[in-house]
$ cat data_35.txt   # compact mmCIF, C-alpha atoms
# COMPACT_ATOMS: atom_id res chain seq x y z
CA MET A 1 3.89 -27.36 -11.61
CA THR A 2 6.93 -25.41 -12.80
CA PHE A 3 7.49 -21.69 -12.91
CA GLU A 4 10.41 -21.37 -15.34
CA ASN A 5 8.43 -19.48 -17.99
CA VAL A 6 6.11 -17.56 -15.69
CA THR A 7 6.64 -13.84 -15.14
CA VAL A 8 5.00 -11.72 -12.48
CA ASP A 9 4.99 -8.43 -14.35
CA SER A 10 2.52 -7.92 -17.16
CA ALA A 11 3.51 -6.72 -20.59
CA GLU A 12 0.85 -4.06 -20.00
CA PRO A 13 1.25 -2.28 -16.64
CA ALA A 14 -1.71 -0.54 -15.01
CA PRO A 15 -2.18 3.12 -16.01
CA GLY A 16 -1.22 4.27 -12.53
CA VAL A 17 -2.08 4.13 -8.87
CA LEU A 18 -5.17 5.71 -7.32
CA LEU A 19 -4.85 7.17 -3.82
CA LEU A 20 -8.14 7.85 -2.03
CA ALA A 21 -7.43 10.20 0.86
CA GLY A 22 -9.60 11.84 3.48
CA ILE A 23 -10.29 11.93 7.19
CA PRO A 24 -11.61 8.89 9.09
CA GLY A 25 -15.26 8.32 8.16
CA SER A 26 -14.98 10.03 4.77
CA GLY A 27 -15.75 6.78 2.95
CA LYS A 28 -12.28 5.88 1.70
CA SER A 29 -12.35 2.13 2.34
CA THR A 30 -15.92 1.63 1.17
CA VAL A 31 -15.41 3.65 -2.01
CA ALA A 32 -11.98 2.09 -2.67
CA ALA A 33 -13.42 -1.44 -2.48
CA ALA A 34 -16.35 -0.54 -4.75
CA LEU A 35 -14.05 1.25 -7.17
CA ALA A 36 -11.59 -1.65 -7.37
CA ALA A 37 -14.50 -4.02 -8.02
CA ARG A 38 -15.29 -2.14 -11.25
CA PHE A 39 -12.04 -3.24 -12.93
CA ALA A 40 -11.16 -6.66 -14.32
CA ARG A 41 -7.73 -6.40 -12.65
CA SER A 42 -7.40 -4.35 -9.50
CA ALA A 43 -6.22 -4.41 -5.91
CA HIS A 44 -7.59 -2.55 -2.90
CA ILE A 45 -4.81 -1.66 -0.50
CA GLU A 46 -6.26 -0.49 2.80
CA VAL A 47 -3.25 1.09 4.48
CA ASP A 48 -4.73 0.58 7.97
CA HIS A 49 -4.45 -3.17 7.33
CA LEU A 50 -0.74 -2.79 6.71
CA GLN A 51 -0.33 -1.26 10.16
CA GLU A 52 -2.27 -4.20 11.62
CA LEU A 53 0.58 -6.44 10.43
CA ILE A 54 2.72 -5.07 13.27
CA VAL A 55 2.39 -7.71 15.98
CA GLN A 56 4.30 -5.96 18.78
CA GLY A 57 5.15 -2.29 19.11
CA CYS A 58 2.33 -0.87 17.03
CA HIS A 59 1.58 2.79 17.69
CA TRP A 60 -1.64 3.94 16.08
CA PRO A 61 -1.96 7.61 15.20
CA SER A 62 -3.22 9.73 18.03
CA PRO A 63 -3.86 13.43 18.55
CA ASP A 64 -1.10 13.39 21.18
CA GLY A 65 1.80 13.80 18.73
CA ASP A 66 3.52 10.45 19.31
CA PRO A 67 6.79 10.43 17.27
CA GLU A 68 6.71 6.62 16.96
CA ALA A 69 3.14 6.75 15.62
CA ASP A 70 4.25 9.36 13.09
CA ARG A 71 7.14 7.10 12.00
CA GLN A 72 4.74 4.18 11.60
CA ILE A 73 2.38 6.32 9.49
CA LEU A 74 5.21 6.68 6.98
CA LEU A 75 6.22 3.02 7.34
CA ARG A 76 2.75 1.85 6.39
CA ALA A 77 2.60 4.42 3.56
CA ARG A 78 5.95 3.16 2.22
CA ASN A 79 4.69 -0.43 2.32
CA GLY A 80 1.49 0.69 0.58
CA CYS A 81 3.58 2.31 -2.17
CA LEU A 82 5.67 -0.84 -2.61
CA LEU A 83 2.54 -2.98 -2.90
CA ALA A 84 0.89 -0.52 -5.26
CA ASP A 85 3.89 -0.44 -7.58
CA SER A 86 4.11 -4.23 -7.52
CA PHE A 87 0.45 -4.62 -8.47
CA ALA A 88 0.64 -1.86 -11.09
CA SER A 89 3.64 -3.44 -12.82
CA ALA A 90 1.71 -6.73 -12.93
CA GLY A 91 -1.25 -5.05 -14.66
CA PHE A 92 -3.54 -4.57 -11.66
CA LEU A 93 -4.95 -1.11 -10.91
CA PRO A 94 -4.03 -0.44 -7.27
CA VAL A 95 -6.46 1.60 -5.19
CA LEU A 96 -4.81 2.81 -1.98
CA ASP A 97 -6.86 4.28 0.82
CA ASP A 98 -5.28 6.19 3.67
CA VAL A 99 -5.87 9.11 5.99
CA VAL A 100 -3.75 11.76 4.31
CA VAL A 101 -4.26 15.28 5.62
CA ARG A 102 -0.75 16.77 5.59
CA ARG A 103 1.15 17.95 2.52
CA SER A 104 4.29 16.16 3.74
CA HIS A 105 2.35 12.87 3.85
CA LEU A 106 1.01 13.39 0.31
CA ASP A 107 4.51 14.36 -0.86
CA PHE A 108 5.77 11.09 0.65
CA TYR A 109 3.31 9.14 -1.52
CA ARG A 110 4.31 11.15 -4.58
CA ALA A 111 7.99 10.47 -3.93
CA HIS A 112 7.58 6.73 -3.34
CA VAL A 113 4.99 5.59 -5.90
CA LYS A 114 6.79 5.03 -9.18
CA ALA A 115 3.66 4.71 -11.34
CA PRO A 116 1.57 7.80 -12.14
CA LEU A 117 -0.36 8.75 -8.98
CA HIS A 118 -4.00 9.86 -9.18
CA VAL A 119 -4.94 11.63 -5.95
CA VAL A 120 -8.59 11.90 -4.92
CA ILE A 121 -9.59 13.51 -1.65
CA LEU A 122 -12.99 12.55 -0.26
CA ALA A 123 -14.29 15.52 1.69
CA PRO A 124 -17.81 15.04 3.05
CA GLY A 125 -17.12 17.43 5.94
CA PRO A 126 -16.32 16.65 9.57
CA ASP A 127 -19.91 16.25 10.78
CA LYS A 128 -20.83 13.75 8.06
CA ALA A 129 -17.57 11.83 8.63
CA TRP A 130 -18.28 11.54 12.38
CA GLU A 131 -21.85 10.47 11.66
CA ARG A 132 -20.58 7.75 9.31
CA ASN A 133 -17.98 6.66 11.85
CA ASN A 134 -20.69 6.11 14.45
CA ALA A 135 -22.79 4.07 12.02
CA ARG A 136 -20.08 1.58 11.00
CA HIS A 137 -18.64 -1.54 12.56
CA LYS A 138 -15.11 -0.19 13.06
CA LYS A 139 -16.05 2.75 15.26
CA LEU A 140 -13.31 5.07 16.37
CA THR A 141 -13.26 6.36 19.92
CA THR A 142 -11.52 9.59 18.88
CA ASN A 143 -13.39 12.18 16.89
CA TRP A 144 -10.89 13.06 14.18
CA ALA A 145 -13.07 15.85 12.76
CA PHE A 146 -10.35 18.40 13.53
CA LEU A 147 -8.28 16.81 10.77
CA ASP A 148 -10.74 18.14 8.19
CA GLU A 149 -9.54 21.70 8.80
CA ALA A 150 -5.88 20.65 8.53
CA MET A 151 -6.59 18.71 5.34
CA ARG A 152 -8.40 21.64 3.72
CA ALA A 153 -5.59 24.05 4.69
CA GLU A 154 -2.65 21.86 3.67
CA LEU A 155 -4.03 20.02 0.64
CA SER A 156 -6.05 22.80 -0.96
CA GLY A 157 -5.44 22.66 -4.71
CA GLU A 158 -3.99 19.14 -4.56
CA GLY A 159 -5.59 16.27 -6.47
CA VAL A 160 -9.30 15.99 -7.15
CA TRP A 161 -11.69 16.90 -4.33
CA ILE A 162 -15.06 15.20 -4.09
CA ASP A 163 -17.69 16.25 -1.57
CA ASN A 164 -19.41 12.90 -1.11
CA ALA A 165 -21.58 13.93 1.85
CA ASP A 166 -24.83 13.43 -0.06
CA GLN A 167 -23.64 10.87 -2.60
CA THR A 168 -24.22 7.13 -2.65
CA ILE A 169 -21.20 4.88 -2.90
CA GLU A 170 -21.94 4.31 -6.59
CA GLU A 171 -22.25 8.06 -7.24
CA THR A 172 -18.91 8.64 -5.54
CA VAL A 173 -17.26 5.84 -7.54
CA THR A 174 -18.59 7.37 -10.76
CA ALA A 175 -17.33 10.81 -9.71
CA VAL A 176 -13.85 9.38 -8.99
CA LEU A 177 -13.72 7.51 -12.30
CA THR A 178 -14.82 10.58 -14.26
CA ALA A 179 -12.54 13.05 -12.46
CA THR A 180 -9.43 10.87 -12.83
CA GLY A 181 -10.05 9.82 -16.43
CA LEU A 182 -10.05 6.17 -15.33
CA LYS A 183 -13.65 5.83 -16.57
CA ALA A 184 -12.28 5.55 -20.11
CA LEU A 185 -10.67 2.25 -19.13
CA LEU A 186 -14.09 0.77 -18.50
CA ASP A 187 -15.72 1.89 -21.77

$ encode --input "data_35.txt" --output "structure tokens"
Amino acid sequence: MTFENVTVDSAEPAPGVLLLAGIPGSGKSTVAAALAARFARSAHIEVDHLQELIVQGCHWPSPDGDPEADRQILLRARNGCLLADSFASAGFLPVLDDVVVRRSHLDFYRAHVKAPLHVVILAPGPDKAWERNNARHKKLTTNWAFLDEAMRAELSGEGVWIDNADQTIEETVTAVLTATGLKALLD
């Protein structure tokens, strides 16, 4: 097999990058996977998985204010942006999911994603997010519900907000597609 005439980038890039943000337990990964599955060409980029690539020296976010953990939050976001742009230029709709609750973190995504960025914030509320966390296989030992207040204060008016507390996964996917205009790509 030869690759002389093969190009990675598509003549038709994806219409942008979708960032699903919210606190832990808000449904980001589940909705992102279901959303990506709706498109003929898509990629689900779970930013937590990018942090898992660090073999030694990984510092997961904690409520303790660890500067190295904060640096790694931006490192994984930067790598997510690079992957998203690579997939988008090759014609795949990238769906990023990450815990984004601070304006500076969202601004980082906006500064580093070259393709148009569609921001959707899943906001089922802290109680529902904690309930979901306790019902899933990747349970967290820290209750991150306090991040909901920070997210609502810092990201108010940013992107599209969806209260998915009482929605099924499919209802949330439909709401995201409709709110972002990406539904038109499926019709």

$ residues_around --input "data_35.txt" --residues "segment 89-105 of chain A" --least-positions-apart "2" --cutoff "8 Å" --atoms "all atoms listed in the file" --output "MDAnalysis selection string"
chainID A and resid 8:24 28:29 32 35:36 39 41:48 74 80 84:87 107:109 147:148 150:152 154:155

$ write_last_selection --input "data_35.txt" --atoms "C-alpha atoms" --output "mmCIF file, in the frame of the given file"
data_model
loop_
_atom_site.group_PDB
_atom_site.id
_atom_site.type_symbol
_atom_site.label_atom_id
_atom_site.label_comp_id
_atom_site.auth_asym_id
_atom_site.auth_seq_id
_atom_site.Cartn_x
_atom_site.Cartn_y
_atom_site.Cartn_z
ATOM 1 C CA VAL A 8 5.000 -11.720 -12.480
ATOM 2 C CA ASP A 9 4.990 -8.430 -14.350
ATOM 3 C CA SER A 10 2.520 -7.920 -17.160
ATOM 4 C CA ALA A 11 3.510 -6.720 -20.590
ATOM 5 C CA GLU A 12 0.850 -4.060 -20.000
ATOM 6 C CA PRO A 13 1.250 -2.280 -16.640
ATOM 7 C CA ALA A 14 -1.710 -0.540 -15.010
ATOM 8 C CA PRO A 15 -2.180 3.120 -16.010
ATOM 9 C CA GLY A 16 -1.220 4.270 -12.530
ATOM 10 C CA VAL A 17 -2.080 4.130 -8.870
ATOM 11 C CA LEU A 18 -5.170 5.710 -7.320
ATOM 12 C CA LEU A 19 -4.850 7.170 -3.820
ATOM 13 C CA LEU A 20 -8.140 7.850 -2.030
ATOM 14 C CA ALA A 21 -7.430 10.200 0.860
ATOM 15 C CA GLY A 22 -9.600 11.840 3.480
ATOM 16 C CA ILE A 23 -10.290 11.930 7.190
ATOM 17 C CA PRO A 24 -11.610 8.890 9.090
ATOM 18 C CA LYS A 28 -12.280 5.880 1.700
ATOM 19 C CA SER A 29 -12.350 2.130 2.340
ATOM 20 C CA ALA A 32 -11.980 2.090 -2.670
ATOM 21 C CA LEU A 35 -14.050 1.250 -7.170
ATOM 22 C CA ALA A 36 -11.590 -1.650 -7.370
ATOM 23 C CA PHE A 39 -12.040 -3.240 -12.930
ATOM 24 C CA ARG A 41 -7.730 -6.400 -12.650
ATOM 25 C CA SER A 42 -7.400 -4.350 -9.500
ATOM 26 C CA ALA A 43 -6.220 -4.410 -5.910
ATOM 27 C CA HIS A 44 -7.590 -2.550 -2.900
ATOM 28 C CA ILE A 45 -4.810 -1.660 -0.500
ATOM 29 C CA GLU A 46 -6.260 -0.490 2.800
ATOM 30 C CA VAL A 47 -3.250 1.090 4.480
ATOM 31 C CA ASP A 48 -4.730 0.580 7.970
ATOM 32 C CA LEU A 74 5.210 6.680 6.980
ATOM 33 C CA GLY A 80 1.490 0.690 0.580
ATOM 34 C CA ALA A 84 0.890 -0.520 -5.260
ATOM 35 C CA ASP A 85 3.890 -0.440 -7.580
ATOM 36 C CA SER A 86 4.110 -4.230 -7.520
ATOM 37 C CA PHE A 87 0.450 -4.620 -8.470
ATOM 38 C CA ASP A 107 4.510 14.360 -0.860
ATOM 39 C CA PHE A 108 5.770 11.090 0.650
ATOM 40 C CA TYR A 109 3.310 9.140 -1.520
ATOM 41 C CA LEU A 147 -8.280 16.810 10.770
ATOM 42 C CA ASP A 148 -10.740 18.140 8.190
ATOM 43 C CA ALA A 150 -5.880 20.650 8.530
ATOM 44 C CA MET A 151 -6.590 18.710 5.340
ATOM 45 C CA ARG A 152 -8.400 21.640 3.720
ATOM 46 C CA GLU A 154 -2.650 21.860 3.670
ATOM 47 C CA LEU A 155 -4.030 20.020 0.640
#

$ atom_distance --input "data_35.txt" --atom1 "atom CA of Glu131 of chain A" --atom2 "atom CA of Trp144 of chain A"
11.5 Å

$ atom_distance --input "data_35.txt" --atom1 "atom CA of Trp60 of chain A" --atom2 "atom CA of Gly27 of chain A"
19.5 Å

$ atom_distance --input "data_35.txt" --atom1 "atom CA of Asn79 of chain A" --atom2 "atom CA of Glu158 of chain A"
22.5 Å

$ axis_aligned_box --input "data_35.txt" --around "segment 50-65 of chain A" --padding-each-side "6 Å" --output "JSON"
{"center_x": 0.6, "center_y": 3.0, "center_z": 13.9, "size_x": 21.0, "size_y": 33.5, "size_z": 26.5}

$ decode --input "data_35.txt" --residues "segment 34-50 of chain A" --atoms "all heavy atoms" --output "JSON list (two decimals), in the first residue's frame"
[["chain", "number", "residue", "atom", "x", "y", "z"],
["A", 34, "ALA", "N", -23.48, 9.87, 22.41],
["A", 34, "ALA", "CA", -24.75, 9.69, 21.67],
["A", 34, "ALA", "C", -24.87, 10.72, 20.56],
["A", 34, "ALA", "O", -25.36, 10.41, 19.46],
["A", 34, "ALA", "CB", -25.93, 9.80, 22.63],
["A", 35, "LEU", "N", -24.43, 11.92, 20.81],
["A", 35, "LEU", "CA", -24.48, 12.98, 19.81],
["A", 35, "LEU", "C", -23.55, 12.65, 18.63],
["A", 35, "LEU", "O", -23.96, 12.74, 17.46],
["A", 35, "LEU", "CB", -24.06, 14.30, 20.46],
["A", 35, "LEU", "CG", -24.11, 15.55, 19.64],
["A", 35, "LEU", "CD1", -25.53, 15.84, 19.18],
["A", 35, "LEU", "CD2", -23.58, 16.72, 20.44],
["A", 36, "ALA", "N", -22.32, 12.27, 18.94],
["A", 36, "ALA", "CA", -21.37, 11.93, 17.88],
["A", 36, "ALA", "C", -21.88, 10.76, 17.04],
["A", 36, "ALA", "O", -21.67, 10.73, 15.82],
["A", 36, "ALA", "CB", -20.01, 11.60, 18.48],
["A", 37, "ALA", "N", -22.59, 9.84, 17.66],
["A", 37, "ALA", "CA", -23.11, 8.67, 16.93],
["A", 37, "ALA", "C", -24.17, 9.04, 15.90],
["A", 37, "ALA", "O", -24.46, 8.25, 15.01],
["A", 37, "ALA", "CB", -23.68, 7.65, 17.92],
["A", 38, "ARG", "N", -24.73, 10.22, 15.98],
["A", 38, "ARG", "CA", -25.76, 10.66, 15.04],
["A", 38, "ARG", "C", -25.20, 11.09, 13.69],
["A", 38, "ARG", "O", -25.93, 11.19, 12.72],
["A", 38, "ARG", "CB", -26.56, 11.83, 15.64],
["A", 38, "ARG", "CG", -27.34, 11.51, 16.89],
["A", 38, "ARG", "CD", -28.64, 10.78, 16.62],
["A", 38, "ARG", "NE", -29.60, 11.53, 15.88],
["A", 38, "ARG", "CZ", -30.53, 12.35, 16.36],
["A", 38, "ARG", "NH1", -30.61, 12.52, 17.67],
["A", 38, "ARG", "NH2", -31.36, 12.97, 15.57],
["A", 39, "PHE", "N", -23.90, 11.37, 13.62],
["A", 39, "PHE", "CA", -23.29, 11.88, 12.40],
["A", 39, "PHE", "C", -22.52, 10.78, 11.67],
["A", 39, "PHE", "O", -21.98, 9.88, 12.29],
["A", 39, "PHE", "CB", -22.34, 13.04, 12.74],
["A", 39, "PHE", "CG", -23.06, 14.27, 13.20],
["A", 39, "PHE", "CD1", -23.35, 14.44, 14.55],
["A", 39, "PHE", "CD2", -23.47, 15.24, 12.31],
["A", 39, "PHE", "CE1", -24.03, 15.56, 14.99],
["A", 39, "PHE", "CE2", -24.15, 16.36, 12.73],
["A", 39, "PHE", "CZ", -24.44, 16.52, 14.08],
["A", 40, "ALA", "N", -22.48, 10.88, 10.36],
["A", 40, "ALA", "CA", -21.75, 9.91, 9.55],
["A", 40, "ALA", "C", -20.25, 10.00, 9.80],
["A", 40, "ALA", "O", -19.54, 9.00, 9.73],
["A", 40, "ALA", "CB", -22.04, 10.13, 8.06],
["A", 41, "ARG", "N", -19.77, 11.21, 10.10],
["A", 41, "ARG", "CA", -18.35, 11.43, 10.40],
["A", 41, "ARG", "C", -18.25, 12.29, 11.65],
["A", 41, "ARG", "O", -18.60, 13.47, 11.61],
["A", 41, "ARG", "CB", -17.64, 12.14, 9.24],
["A", 41, "ARG", "CG", -17.46, 11.28, 8.05],
["A", 41, "ARG", "CD", -16.73, 12.06, 6.99],
["A", 41, "ARG", "NE", -16.24, 11.11, 6.01],
["A", 41, "ARG", "CZ", -15.28, 11.37, 5.17],
["A", 41, "ARG", "NH1", -14.70, 12.54, 5.18],
["A", 41, "ARG", "NH2", -14.90, 10.46, 4.30],
["A", 42, "SER", "N", -17.76, 11.70, 12.71],
["A", 42, "SER", "CA", -17.65, 12.44, 13.97],
["A", 42, "SER", "C", -16.58, 11.81, 14.84],
["A", 42, "SER", "O", -16.13, 10.70, 14.58],
["A", 42, "SER", "CB", -19.00, 12.43, 14.69],
["A", 42, "SER", "OG", -19.35, 11.11, 15.03],
["A", 43, "ALA", "N", -16.20, 12.54, 15.88],
["A", 43, "ALA", "CA", -15.24, 12.03, 16.85],
["A", 43, "ALA", "C", -15.66, 12.54, 18.22],
["A", 43, "ALA", "O", -15.99, 13.71, 18.38],
["A", 43, "ALA", "CB", -13.83, 12.52, 16.53],
["A", 44, "HIS", "N", -15.66, 11.65, 19.20],
["A", 44, "HIS", "CA", -15.94, 12.04, 20.59],
["A", 44, "HIS", "C", -14.60, 12.14, 21.30],
["A", 44, "HIS", "O", -13.88, 11.15, 21.40],
["A", 44, "HIS", "CB", -16.85, 11.01, 21.27],
["A", 44, "HIS", "CG", -17.04, 11.26, 22.72],
["A", 44, "HIS", "ND1", -17.40, 10.25, 23.59],
["A", 44, "HIS", "CD2", -16.93, 12.37, 23.48],
["A", 44, "HIS", "CE1", -17.51, 10.75, 24.81],
["A", 44, "HIS", "NE2", -17.22, 12.03, 24.77],
["A", 45, "ILE", "N", -14.29, 13.33, 21.78],
["A", 45, "ILE", "CA", -13.04, 13.56, 22.48],
["A", 45, "ILE", "C", -13.37, 13.81, 23.95],
["A", 45, "ILE", "O", -13.80, 14.90, 24.32],
["A", 45, "ILE", "CB", -12.27, 14.76, 21.88],
["A", 45, "ILE", "CG1", -12.03, 14.53, 20.38],
["A", 45, "ILE", "CG2", -10.96, 14.98, 22.64],
["A", 45, "ILE", "CD1", -11.56, 15.77, 19.64],
["A", 46, "GLU", "N", -13.18, 12.78, 24.76],
["A", 46, "GLU", "CA", -13.42, 12.89, 26.19],
["A", 46, "GLU", "C", -12.13, 13.39, 26.82],
["A", 46, "GLU", "O", -11.14, 12.66, 26.91],
["A", 46, "GLU", "CB", -13.85, 11.54, 26.77],
["A", 46, "GLU", "CG", -14.40, 11.64, 28.16],
["A", 46, "GLU", "CD", -15.03, 10.34, 28.65],
["A", 46, "GLU", "OE1", -15.31, 9.44, 27.83],
["A", 46, "GLU", "OE2", -15.26, 10.25, 29.86],
["A", 47, "VAL", "N", -12.11, 14.64, 27.25],
["A", 47, "VAL", "CA", -10.88, 15.28, 27.69],
["A", 47, "VAL", "C", -10.28, 14.58, 28.90],
["A", 47, "VAL", "O", -9.06, 14.54, 29.05],
["A", 47, "VAL", "CB", -11.12, 16.79, 27.91],
["A", 47, "VAL", "CG1", -9.87, 17.48, 28.40],
["A", 47, "VAL", "CG2", -11.58, 17.42, 26.60],
["A", 48, "ASP", "N", -11.10, 13.96, 29.76],
["A", 48, "ASP", "CA", -10.56, 13.17, 30.87],
["A", 48, "ASP", "C", -9.61, 12.08, 30.36],
["A", 48, "ASP", "O", -8.60, 11.78, 31.00],
["A", 48, "ASP", "CB", -11.67, 12.50, 31.68],
["A", 48, "ASP", "CG", -12.33, 13.43, 32.68],
["A", 48, "ASP", "OD1", -11.85, 14.57, 32.86],
["A", 48, "ASP", "OD2", -13.34, 13.02, 33.28],
["A", 49, "HIS", "N", -9.94, 11.49, 29.22],
["A", 49, "HIS", "CA", -9.09, 10.43, 28.67],
["A", 49, "HIS", "C", -7.73, 10.97, 28.26],
["A", 49, "HIS", "O", -6.73, 10.24, 28.31],
["A", 49, "HIS", "CB", -9.76, 9.72, 27.50],
["A", 49, "HIS", "CG", -10.92, 8.86, 27.89],
["A", 49, "HIS", "ND1", -10.93, 8.07, 29.01],
["A", 49, "HIS", "CD2", -12.11, 8.64, 27.29],
["A", 49, "HIS", "CE1", -12.07, 7.42, 29.11],
["A", 49, "HIS", "NE2", -12.81, 7.76, 28.07],
["A", 50, "LEU", "N", -7.69, 12.22, 27.85],
["A", 50, "LEU", "CA", -6.40, 12.81, 27.49],
["A", 50, "LEU", "C", -5.51, 12.95, 28.72],
["A", 50, "LEU", "O", -4.30, 12.75, 28.64],
["A", 50, "LEU", "CB", -6.60, 14.16, 26.81],
["A", 50, "LEU", "CG", -7.40, 14.12, 25.51],
["A", 50, "LEU", "CD1", -7.57, 15.51, 24.94],
["A", 50, "LEU", "CD2", -6.75, 13.18, 24.49]]
